Amino acid sequence: MLLLIDHLRAQGATRIQPPSCPGCRRTVALVEYHDGARVCHTCAGKSREVECSRCGKVREPSARDLQGRPLCRHCNATDPANLKPCVRCGRRRRVYARSDDGPVCETCRTPPPIQACFICGRLAHCETSKATGLLWCVPCRSRRARCAGCSHVRLVRSGTIDRPLCAACTRAEPGVWLCCPRCGVSGQLTAAVCKRCALGDRLDQLLADHTGAIPAPMQALRDFLVAGDRPQNVSAWLNRQPRARSLLSDLATGRIPLTHDTFDALEPDKAGRYLRELLVGAGVLPPRDELLARLERWLHATIDAIPDPAQRHLVRQYTVWHLLRRLRRRVAGTHANPNQCGAVRDQTRAVISFLDLLSANHLTLATCTHTHVDRWLADGQIRHSKAVGAFLRWATTNKLTTVYLPVQQWGGPGAPIDGDRRWETARRLLHVHTIDLADRVAGLLVVLYAQNAADVSRLTLGHVQVTDDSVWIRLGDRPIEIPEPLATLTRELVTARTRSHTHAGSQTWLFPGRLAGRPITDGALRDRLARIGIRITEARTAALFQLATELPAAILARVLGIDIKGAVRWQRACAGDWTTYAADVSRR
């Protein structure tokens, strides 16, 4: 029958429509049988998918090992027995292509030609778009932006950087874009089940208990993941992480309890850490300060590893009851940042190293003198003098020693201040539209308002107030009005920000990160700004130096959110004179 239909259509009988695949609803060649019906090659392959015995991913088996266990195509190709010497580099690698001379590895393959991308305009390795027939680069294939036609944040399929267009606005004629047979969402070139529905089906199987039903907490997680903006990212994460699939199954069936203690016992499992963030973002687990909780576990493990009981008691007394308590007091109502937790770790290591140095010289805090400390400082045996000095001052206050190291006063910036480069960077961020919008706003907050990476990364939508004619941002105690054109950029960021795969109601961060419901880390923000030529330390130093010469320390601290003592030190370092500030303001 299928051959007859093909023959009739070849003779011009175009009214005869060939049957579509019952699995994906596509009108393609039906070449195989499955459950008594003819299906396409793709659906037949999906029906044979099993878990690979080597990588754990659910794929169609390509071969079997000596024990008869299934191997996916990737594991079969990367098996040492199937590696071939590349004819160009001579290394034994996976065969990516075969030339006239022999097998070629992926590194030595001939890349696509370097041409101009029709979206971003830059010269790169480009391929032809199936939707438009034009050349586009790899980054533009996954670029998401607010469509200039429909104002929705979607994948860019045509247009330019300034006026991107989504799939529906690229080609609006009927019949070009097909719909998902289940949810009816348009915008895809095939009639297969969309990414969101496919993810829902997979989670329904993965999160089911012994009775086949999904427990209420897992149902909340399932709805949270499916409602995200990028369901393909969740599917890719499940494919890459067999450990995550195992944890989800164990949580759904009740083999492990759904508590924070369960995930604490899994540390430093990355899959468990990421799954915990998803559960917190979905509201299944209560939120908590993960960095602070991780620091507490690290402190207890480090202190318990000290063999000397007296030294162990002293380190616990200093770190837990002084450093950790002081950190909790500083971050009351907020979350600790990686720099704060890293400083506590460095101070703890420095104290343990100093106490080991005392023990190696048969000394204690009570018998140690200034002579010993001065000699060790001169010989370089004490590497972290600031941390050791803070510990000795604490010990002196608690009458544990008579040795006292004074606080090392900050004498100002050590590197030269380049004010011209600061303004050049600001102009580039304001007017170069090819830079990502979030990077432009974050960089300008650093360059113009002397904000550090940790403070910028934790800004929320509540810190920004947008009105019809102005934009205000709260960096310290008082909000300040943002001038143009930074105000326009900030307004666009608030309205056009994207999410990774978080629920729409849980997103409050101005710079969201990859983890569900979490902001971007300060390290990731530093890397992103460094890629566009901004070194946060240098840019912030130049901004603080200039602002300290123009504003009194009290206003500087209140507006920028820095400590008043730090503001005074910067005032003295730049020799700023603000005795006439009130008179200058009155004359404005």
# chains A, B, ... in the order shown; residues from 1 in each chain; ligands from 1

$ select_by_dssp --residues "region 165-328 of chain A" --states "alpha helix (DSSP H)" --output "JSON, numbers by chain"
{"A": [167, 168, 169, 170, 195, 196, 197, 198, 199, 200, 201, 202, 203, 204, 205, 206, 216, 217, 218, 219, 220, 221, 222, 223, 224, 225, 226, 231, 232, 233, 234, 235, 236, 237, 238, 239, 240, 242, 243, 244, 245, 246, 247, 248, 249, 250, 251, 252, 253, 260, 261, 262, 263, 264, 265, 266, 270, 271, 272, 273, 274, 275, 276, 277, 278, 279, 280, 281, 290, 291, 292, 293, 294, 295, 296, 297, 298, 299, 300, 301, 302, 303, 304, 309, 310, 311, 312, 313, 314, 315, 316, 317, 318, 325, 326, 327, 328]}

$ residues_around --residues "Ala63 (chain A)" --least-positions-apart "2" --cutoff "8 Å" --atoms "only C-alpha atoms" --output "list in words"
Pro61, Asp65, Pro70, Leu71, Cys72, Arg73 and Asn76 of chain A

$ atom_distance --atom1 "CA of Cys52 (chain A)" --atom2 "CA of Gln241 (chain A)"
12.7 Å

$ residues_around --residues "Arg26 (chain A)" --least-positions-apart "2" --cutoff "9 Å" --atoms "only C-alpha atoms" --output "list in words"
Pro19, Ser20, Cys21, Pro22, Gly23, Cys24, Val28, Cys40, Thr190, Ala191 and Ala192 of chain A

$ closest_residue --among "A:Asp477, A:Val447, A:Leu83, A:Ala227" --to "Leu547 (chain A)" --atoms "only C-alpha atoms"
A:Val447

$ atom_distance --atom1 "CA of Ile119 (chain A)" --atom2 "CA of Cys140 (chain A)"
7.1 Å

$ residues_around --residues "Leu295 (chain A)" --least-positions-apart "2" --cutoff "12 Å" --atoms "only C-alpha atoms" --output "MDAnalysis selection string"
chainID A and resid 264 289:293 297:302 319:320 323:324 327:328 336:346 348

$ atom_distance --atom1 "CA of Arg312 (chain A)" --atom2 "CA of Arg273 (chain A)"
29.3 Å

$ residues_around --residues "region 427-429 of chain A" --least-positions-apart "4" --cutoff "9 Å" --atoms "only C-alpha atoms" --output "PyMOL selection string"
chain A and resi 422-423+433+435+439-441+443-444

$ residues_around --residues "Arg478 (chain A)" --least-positions-apart "6" --cutoff "12 Å" --atoms "only C-alpha atoms" --output "NGL selection string"
:A and (463-464 or 472 or 554-561)

$ select_by_dssp --residues "region 109-337 of chain A" --states "strand (DSSP E)" --output "list of chain:residue names"
A:Ile114, A:Gln115, A:Ala116, A:Leu123, A:Ala124, A:His125, A:Cys126, A:Glu127, A:Thr128, A:Leu135, A:Trp136, A:Cys137, A:Arg144, A:Ala145, A:Arg146, A:Val153, A:Arg154, A:Leu155, A:Ser158, A:Gly159, A:Pro164, A:Leu165, A:Leu178, A:Cys179, A:Ser186, A:Gly187, A:Gln188

$ closest_residue --among "A:Gly283, A:Pro113, A:Gly56, A:Gly212" --to "Leu238 (chain A)" --atoms "only C-alpha atoms"
A:Gly56

$ closest_residue --among "A:Val331, A:Leu266, A:Val153, A:Val280" --to "Leu221 (chain A)" --atoms "only C-alpha atoms"
A:Val280

$ closest_residue --among "A:Ala543, A:Ile382, A:Ile473, A:Cys197" --to "Ala426 (chain A)" --atoms "only C-alpha atoms"
A:Ala543

$ residues_around --residues "Tyr33 (chain A)" --least-positions-apart "6" --cutoff "10 Å" --atoms "only C-alpha atoms" --output "JSON, numbers by chain"
{"A": [39, 40, 41, 43, 44]}
